[in-house]
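A.B. asks: Provided herewith: input-v8.cif, mmCIF, C-alpha atoms.
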data_start
#
loop_
_atom_site.group_PDB
_atom_site.id
_atom_site.type_symbol
_atom_site.label_atom_id
_atom_site.label_comp_id
_atom_site.auth_asym_id
_atom_site.auth_seq_id
_atom_site.Cartn_x
_atom_site.Cartn_y
_atom_site.Cartn_z
ATOM 1 C CA MET A 1 131.531 79.522 252.731
ATOM 2 C CA PRO A 2 130.749 80.861 249.214
ATOM 3 C CA ARG A 3 128.149 83.598 249.061
ATOM 4 C CA ASP A 4 124.634 82.960 247.775
ATOM 5 C CA PRO A 5 124.608 84.457 244.225
ATOM 6 C CA HIS A 6 120.839 85.109 244.456
ATOM 7 C CA ARG A 7 121.106 87.265 247.563
ATOM 8 C CA PRO A 8 121.756 90.987 246.941
ATOM 9 C CA LEU A 9 125.042 92.370 248.234
ATOM 10 C CA ARG A 10 125.361 95.103 250.846
ATOM 11 C CA ALA A 11 126.921 98.300 249.477
ATOM 12 C CA ASP A 12 130.316 97.613 251.105
ATOM 13 C CA ALA A 13 130.302 94.017 249.866
ATOM 14 C CA GLN A 14 129.495 95.237 246.338
ATOM 15 C CA ARG A 15 132.413 97.696 246.495
ATOM 16 C CA ASN A 16 134.717 94.851 247.581
ATOM 17 C CA ARG A 17 133.460 92.665 244.744
ATOM 18 C CA ASP A 18 133.979 95.467 242.205
ATOM 19 C CA ARG A 19 137.528 96.074 243.471
ATOM 20 C CA ILE A 20 138.288 92.340 243.292
ATOM 21 C CA LEU A 21 137.071 92.147 239.682
ATOM 22 C CA ALA A 22 139.086 95.204 238.620
ATOM 23 C CA ALA A 23 142.207 93.846 240.321
ATOM 24 C CA ALA A 24 141.663 90.412 238.757
ATOM 25 C CA VAL A 25 141.598 91.909 235.258
ATOM 26 C CA ARG A 26 144.886 93.741 235.909
ATOM 27 C CA VAL A 27 146.636 90.772 237.513
ATOM 28 C CA PHE A 28 145.415 88.115 235.072
ATOM 29 C CA SER A 29 146.375 90.450 232.198
ATOM 30 C CA GLU A 30 149.905 90.721 233.597
ATOM 31 C CA GLU A 31 150.454 87.177 234.897
ATOM 32 C CA GLY A 32 147.954 84.943 233.076
ATOM 33 C CA LEU A 33 147.317 81.603 234.723
ATOM 34 C CA ASP A 34 150.212 82.150 237.142
ATOM 35 C CA ALA A 35 148.314 84.910 238.944
ATOM 36 C CA HIS A 36 147.989 84.300 242.673
ATOM 37 C CA PHE A 37 144.758 84.961 244.533
ATOM 38 C CA GLU A 38 146.781 86.588 247.318
ATOM 39 C CA ARG A 39 148.129 89.248 244.928
ATOM 40 C CA ILE A 40 144.629 89.906 243.565
ATOM 41 C CA ALA A 41 143.268 90.257 247.110
ATOM 42 C CA LYS A 42 146.122 92.610 248.063
ATOM 43 C CA GLU A 43 145.604 94.764 244.937
ATOM 44 C CA ALA A 44 141.873 94.894 245.683
ATOM 45 C CA GLY A 45 142.521 95.878 249.295
ATOM 46 C CA VAL A 46 140.592 92.902 250.698
ATOM 47 C CA GLY A 47 141.499 89.787 252.617
ATOM 48 C CA SER A 48 141.912 86.412 250.936
ATOM 49 C CA GLY A 49 138.810 85.168 252.740
ATOM 50 C CA THR A 50 136.703 87.902 251.137
ATOM 51 C CA LEU A 51 138.039 86.955 247.704
ATOM 52 C CA TYR A 52 137.353 83.228 248.217
ATOM 53 C CA ARG A 53 133.856 83.893 249.577
ATOM 54 C CA ASN A 54 132.995 85.743 246.385
ATOM 55 C CA PHE A 55 134.951 83.529 243.976
ATOM 56 C CA PRO A 56 135.699 80.046 245.316
ATOM 57 C CA THR A 57 137.607 78.958 242.179
ATOM 58 C CA ARG A 58 140.024 80.554 239.724
ATOM 59 C CA GLU A 59 137.595 79.814 236.891
ATOM 60 C CA ALA A 60 134.755 81.592 238.706
ATOM 61 C CA LEU A 61 136.938 84.676 239.223
ATOM 62 C CA VAL A 62 138.197 84.769 235.622
ATOM 63 C CA GLU A 63 134.707 84.359 234.202
ATOM 64 C CA ALA A 64 133.236 87.007 236.509
ATOM 65 C CA ALA A 65 136.061 89.445 235.697
ATOM 66 C CA TYR A 66 135.522 88.985 231.966
ATOM 67 C CA ARG A 67 131.737 89.295 232.214
ATOM 68 C CA ASN A 68 132.151 92.413 234.358
ATOM 69 C CA GLU A 69 134.343 94.034 231.701
ATOM 70 C CA LEU A 70 131.759 93.153 229.042
ATOM 71 C CA ALA A 71 128.921 94.593 231.139
ATOM 72 C CA ARG A 72 130.873 97.800 231.792
ATOM 73 C CA LEU A 73 131.418 98.204 228.055
ATOM 74 C CA CYS A 74 127.773 97.691 227.143
ATOM 75 C CA ASP A 75 126.335 99.574 230.122
ATOM 76 C CA ALA A 76 128.342 102.689 229.169
ATOM 77 C CA VAL A 77 126.085 103.421 226.168
ATOM 78 C CA PRO A 78 123.181 105.272 227.873
ATOM 79 C CA GLY A 79 125.523 107.528 229.817
ATOM 80 C CA LEU A 80 127.570 108.383 226.744
ATOM 81 C CA LEU A 81 124.448 109.169 224.703
ATOM 82 C CA ALA A 82 123.137 111.364 227.517
ATOM 83 C CA ALA A 83 126.421 113.274 227.792
ATOM 84 C CA MET A 84 127.332 113.973 224.167
ATOM 85 C CA PRO A 85 126.115 113.967 220.564
ATOM 86 C CA PRO A 86 125.690 110.449 219.106
ATOM 87 C CA TYR A 87 128.768 110.509 216.857
ATOM 88 C CA GLU A 88 130.972 111.591 219.764
ATOM 89 C CA ALA A 89 129.304 108.983 222.001
ATOM 90 C CA LEU A 90 130.159 106.297 219.449
ATOM 91 C CA ARG A 91 133.715 107.593 219.230
ATOM 92 C CA ALA A 92 134.076 107.516 223.041
ATOM 93 C CA TRP A 93 132.542 104.032 223.189
ATOM 94 C CA THR A 94 135.064 102.683 220.663
ATOM 95 C CA ARG A 95 137.811 103.676 223.135
ATOM 96 C CA HIS A 96 136.011 101.680 225.822
ATOM 97 C CA PHE A 97 135.809 98.811 223.339
ATOM 98 C CA MET A 98 139.594 98.859 222.873
ATOM 99 C CA ASP A 99 140.073 98.863 226.672
ATOM 100 C CA TYR A 100 137.784 95.826 226.861
ATOM 101 C CA VAL A 101 139.634 94.018 224.045
ATOM 102 C CA THR A 102 143.037 94.807 225.549
ATOM 103 C CA ALA A 103 141.884 93.342 228.883
ATOM 104 C CA LYS A 104 140.376 90.312 227.126
ATOM 105 C CA PHE A 105 143.586 89.610 225.199
ATOM 106 C CA GLY A 106 145.621 90.079 228.360
ATOM 107 C CA MET A 107 143.438 87.487 230.078
ATOM 108 C CA ALA A 108 143.470 85.103 227.078
ATOM 109 C CA ASP A 109 145.302 82.249 228.845
ATOM 110 C CA ALA A 110 143.102 82.489 231.913
ATOM 111 C CA LEU A 111 139.960 82.634 229.754
ATOM 112 C CA GLN A 112 141.105 79.578 227.776
ATOM 113 C CA ALA A 113 141.348 77.676 231.060
ATOM 114 C CA VAL A 114 137.728 78.645 231.794
ATOM 115 C CA VAL A 115 136.654 77.407 228.352
ATOM 116 C CA ALA A 116 138.585 74.157 228.902
ATOM 117 C CA SER A 117 136.650 73.644 232.155
ATOM 118 C CA GLY A 118 133.416 73.532 230.145
ATOM 119 C CA THR A 119 132.148 77.093 230.603
ATOM 120 C CA ASP A 120 131.669 79.542 227.739
ATOM 121 C CA PRO A 121 132.293 83.075 229.034
ATOM 122 C CA TYR A 122 131.877 84.413 225.484
ATOM 123 C CA ASN A 123 128.359 83.018 225.080
ATOM 124 C CA GLU A 124 126.519 86.351 224.886
ATOM 125 C CA SER A 125 129.427 88.680 224.051
ATOM 126 C CA ARG A 126 128.788 89.248 220.356
ATOM 127 C CA LYS A 127 125.055 89.805 220.869
ATOM 128 C CA MET A 128 125.612 92.257 223.740
ATOM 129 C CA ILE A 129 128.268 94.258 221.876
ATOM 130 C CA GLN A 130 126.187 94.432 218.705
ATOM 131 C CA ALA A 131 123.172 95.606 220.738
ATOM 132 C CA ALA A 132 125.318 98.371 222.264
ATOM 133 C CA LEU A 133 126.557 99.344 218.805
ATOM 134 C CA ALA A 134 122.992 99.268 217.454
ATOM 135 C CA SER A 135 121.869 101.779 220.109
ATOM 136 C CA LEU A 136 124.755 104.108 219.335
ATOM 137 C CA MET A 137 124.398 103.827 215.571
ATOM 138 C CA GLU A 138 120.625 104.247 215.638
ATOM 139 C CA ALA A 139 121.013 107.448 217.640
ATOM 140 C CA GLY A 140 123.651 108.654 215.166
ATOM 141 C CA THR A 141 121.500 107.811 212.154
ATOM 142 C CA THR A 142 118.471 109.533 213.689
ATOM 143 C CA ALA A 143 120.592 112.649 214.311
ATOM 144 C CA GLY A 144 121.904 112.564 210.728
ATOM 145 C CA GLU A 145 125.472 112.050 211.961
ATOM 146 C CA ILE A 146 125.942 108.464 210.752
ATOM 147 C CA ARG A 147 125.142 106.746 207.461
ATOM 148 C CA SER A 148 122.149 104.435 207.529
ATOM 149 C CA ASP A 149 123.614 101.799 205.195
ATOM 150 C CA ILE A 150 126.190 100.448 207.682
ATOM 151 C CA SER A 151 124.942 97.820 210.116
ATOM 152 C CA PRO A 152 126.107 97.192 213.691
ATOM 153 C CA ALA A 153 127.430 93.834 212.414
ATOM 154 C CA ASP A 154 129.571 95.715 209.854
ATOM 155 C CA MET A 155 130.904 98.047 212.535
ATOM 156 C CA PHE A 156 131.577 95.141 214.892
ATOM 157 C CA ALA A 157 133.532 93.377 212.115
ATOM 158 C CA ALA A 158 135.598 96.527 211.522
ATOM 159 C CA LEU A 159 136.336 96.975 215.229
ATOM 160 C CA THR A 160 137.199 93.297 215.582
ATOM 161 C CA GLY A 161 139.660 93.588 212.681
ATOM 162 C CA ILE A 162 141.309 96.567 214.333
ATOM 163 C CA ALA A 163 141.425 94.708 217.635
ATOM 164 C CA LEU A 164 143.057 91.655 216.063
ATOM 165 C CA THR A 165 145.887 93.752 214.640
ATOM 166 C CA SER A 166 146.266 96.522 217.217
ATOM 167 C CA ALA A 167 144.991 95.484 220.657
ATOM 168 C CA LYS A 168 148.283 95.438 222.540
ATOM 169 C CA PRO A 169 148.820 98.374 224.886
ATOM 170 C CA ASP A 170 151.840 99.584 222.879
ATOM 171 C CA GLN A 171 149.680 99.670 219.719
ATOM 172 C CA ARG A 172 147.015 101.964 221.177
ATOM 173 C CA ASP A 173 147.941 104.983 219.030
ATOM 174 C CA GLN A 174 147.632 102.893 215.879
ATOM 175 C CA ALA A 175 144.319 101.418 217.047
ATOM 176 C CA GLU A 176 142.901 104.888 217.667
ATOM 177 C CA ARG A 177 144.009 106.117 214.222
ATOM 178 C CA LEU A 178 142.355 103.093 212.590
ATOM 179 C CA ILE A 179 139.176 103.616 214.603
ATOM 180 C CA ASP A 180 139.069 107.289 213.595
ATOM 181 C CA LEU A 181 139.495 106.263 209.953
ATOM 182 C CA THR A 182 136.622 103.797 210.329
ATOM 183 C CA LEU A 183 134.420 106.370 212.064
ATOM 184 C CA ASP A 184 135.123 108.891 209.306
ATOM 185 C CA GLY A 185 133.671 106.320 206.906
ATOM 186 C CA LEU A 186 130.410 106.366 208.880
ATOM 187 C CA ARG A 187 129.798 110.045 208.183
ATOM 188 C CA PRO A 188 126.974 110.682 205.726
ATOM 189 C CA VAL A 189 128.176 111.405 202.210
ATOM 190 C CA ARG A 190 127.474 115.036 201.386
ATOM 191 C CA PRO A 191 126.843 115.976 197.759
ATOM 192 C CA GLY A 192 129.790 117.788 196.253
ATOM 193 C CA PRO A 193 129.631 121.119 194.445
ATOM 194 C CA GLY A 194 127.581 120.928 191.276
ATOM 195 C CA ALA A 195 125.870 117.672 192.319
ATOM 196 C CA ARG A 196 122.209 117.374 191.460
#
Please render this file's structure as structure tokens.
C.D. replies:
Amino acid sequence: MPRDPHRPLRADAQRNRDRILAAAVRVFSEEGLDAHFERIAKEAGVGSGTLYRNFPTREALVEAAYRNELARLCDAVPGLLAAMPPYEALRAWTRHFMDYVTAKFGMADALQAVVASGTDPYNESRKMIQAALASLMEAGTTAGEIRSDISPADMFAALTGIALTSAKPDQRDQAERLIDLTLDGLRPVRPGPGAR
């Protein structure tokens, strides 16, 4: 019997669910639509019954795995800002963003099947990511570490461009160089010698 989504999970059930979602991202990224629930359950260290109780259909599992990755990306912002200066927090977050994009691209076939079933897992993605970027950039601007004339939409467009060209795991070094180049462009312009 599928679980009631409105009923809170016990701590052990939440751990199982989290492990299932993490395993699903890995397996769907590797195998696409051919991924077997049994392999996902085994990788998560749970029984097939536990997996099916939480996610009765492939589409439900794919959508939940994607939304979980998106939430992890966006929910990382407060912790990063609490742990480091805003510019460094933004830099660290961009690495999380590339992890998210790499997982999303790896799951592309499975996500397309979800879209074909009539569900839009991407519905709130852009808004959530831009809100996360806005928090990071506002903190950086307030601290004088980031220019104020670049919007979160501009930064999202830049990161998306990098992701479209360099999101494969074997392109990670290139992606990080391009992100660093982009982040360097966010630094406030300092007047040069002799400037008035």
A.B. asks: Closest to His36 of chain A among A:Arg58, A:Arg126, A:Arg91, A:Arg187, using only C-alpha atoms?
C.D. replies: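 Checking each candidate against His36 of chain A, we get A:Arg58 as the closest.
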A.B. asks: Just the number, please: distance in Å from atom CA of Ala44 of chain A to atom CA of Asp18 of chain A, one decimal.
C.D. replies: 8.6 Å
A.B. asks: Name every residue that the PyMOL selection byres ((chain A and resi 109) around 12) selects in this structure, writing the answer as an mmCIF file with C-alpha atoms, keeping the file's coordinate frame with chains first and numbers rising.
C.D. replies:
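File produced: part14.cif:
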data_model
loop_
_atom_site.group_PDB
_atom_site.id
_atom_site.type_symbol
_atom_site.label_atom_id
_atom_site.label_comp_id
_atom_site.auth_asym_id
_atom_site.auth_seq_id
_atom_site.Cartn_x
_atom_site.Cartn_y
_atom_site.Cartn_z
ATOM 1 C CA PHE A 28 145.415 88.115 235.072
ATOM 2 C CA SER A 29 146.375 90.450 232.198
ATOM 3 C CA GLU A 30 149.905 90.721 233.597
ATOM 4 C CA GLU A 31 150.454 87.177 234.897
ATOM 5 C CA GLY A 32 147.954 84.943 233.076
ATOM 6 C CA LEU A 33 147.317 81.603 234.723
ATOM 7 C CA ASP A 34 150.212 82.150 237.142
ATOM 8 C CA ALA A 35 148.314 84.910 238.944
ATOM 9 C CA GLU A 59 137.595 79.814 236.891
ATOM 10 C CA VAL A 62 138.197 84.769 235.622
ATOM 11 C CA ALA A 103 141.884 93.342 228.883
ATOM 12 C CA LYS A 104 140.376 90.312 227.126
ATOM 13 C CA PHE A 105 143.586 89.610 225.199
ATOM 14 C CA GLY A 106 145.621 90.079 228.360
ATOM 15 C CA MET A 107 143.438 87.487 230.078
ATOM 16 C CA ALA A 108 143.470 85.103 227.078
ATOM 17 C CA ALA A 110 143.102 82.489 231.913
ATOM 18 C CA LEU A 111 139.960 82.634 229.754
ATOM 19 C CA GLN A 112 141.105 79.578 227.776
ATOM 20 C CA ALA A 113 141.348 77.676 231.060
ATOM 21 C CA VAL A 114 137.728 78.645 231.794
ATOM 22 C CA VAL A 115 136.654 77.407 228.352
ATOM 23 C CA ALA A 116 138.585 74.157 228.902
#
A.B. asks: Run the PyMOL selection byres ((chain A and resi 155-162) around 12) mentally over the shown coordinates, then write out the matched residues as a ChimeraX atom specification, using the chain letters and numbers from the document.
C.D. replies: /A:90-91,93-98,100-102,125-134,136-137,146-154,163-168,171-183,185-186
A.B. asks: How far is it from atom CA of Glu43 of chain A to atom CA of Asp170 of chain A, in Å with one decimal?
C.D. replies: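 Those two atoms sit 23.4 Å apart.
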A.B. asks: Which residues are near Arg19 of chain A? Cut-off 9 Å, all atoms listed in the file, ignore same chain within fewer than 2 positions. Put them as a VMD selection string.
C.D. replies: chain A and resid 14 to 17 21 to 24 41 43 to 46
A.B. asks: Would you save the residues of that selection, restricted to C-alpha atoms, as a compact mmCIF listing (two decimals), in the frame of the given file?
C.D. replies:
# COMPACT_ATOMS: atom_id res chain seq x y z
CA GLN A 14 129.50 95.24 246.34
CA ARG A 15 132.41 97.70 246.50
CA ASN A 16 134.72 94.85 247.58
CA ARG A 17 133.46 92.66 244.74
CA LEU A 21 137.07 92.15 239.68
CA ALA A 22 139.09 95.20 238.62
CA ALA A 23 142.21 93.85 240.32
CA ALA A 24 141.66 90.41 238.76
CA ALA A 41 143.27 90.26 247.11
CA GLU A 43 145.60 94.76 244.94
CA ALA A 44 141.87 94.89 245.68
CA GLY A 45 142.52 95.88 249.30
CA VAL A 46 140.59 92.90 250.70
A.B. asks: So the first atom is atom CA of Asn68 of chain A and the second is atom CA of Thr141 of chain A; what is the distance between them in Å, to one decimal place?
C.D. replies: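 Separating atom CA of Asn68 of chain A from atom CA of Thr141 of chain A is a distance of 29.0 Å.
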A.B. asks: I'd like the box whose edges run along x, y and z of the file and which contains every listed atom of segment 86-92 of chain A, padded by 3 Å per side; could you state its centre and edge lengths in Å, one decimal, as lines of an AutoDock Vina configuration file?
C.D. replies:
center_x = 129.9
center_y = 108.9
center_z = 219.9
size_x = 14.4
size_y = 11.3
size_z = 12.2
A.B. asks: Can you work out which one of A:Pro78, A:Leu73, A:Glu138, A:Glu145 has the shortest atom-to-atom distance to Asp99 of chain A, counting all atoms listed in the file?
C.D. replies: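 Closest to Asp99 of chain A of all the choices is A:Leu73.
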A.B. asks: Between A:Val25, A:Ile40, A:Ala89, A:Leu81, which has the minimum distance to Tyr66 of chain A (counting only C-alpha atoms)?
C.D. replies: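 Residue with the minimum atom-to-atom distance to Tyr66 of chain A: A:Val25.
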A.B. asks: Using all atoms listed in the file, find the one residue out of A:Ser135, A:Arg10, A:Ala143, A:Thr119 that sits nearest to Ala64 of chain A.
C.D. replies: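 Of all the options, A:Thr119 lies closest to Ala64 of chain A.
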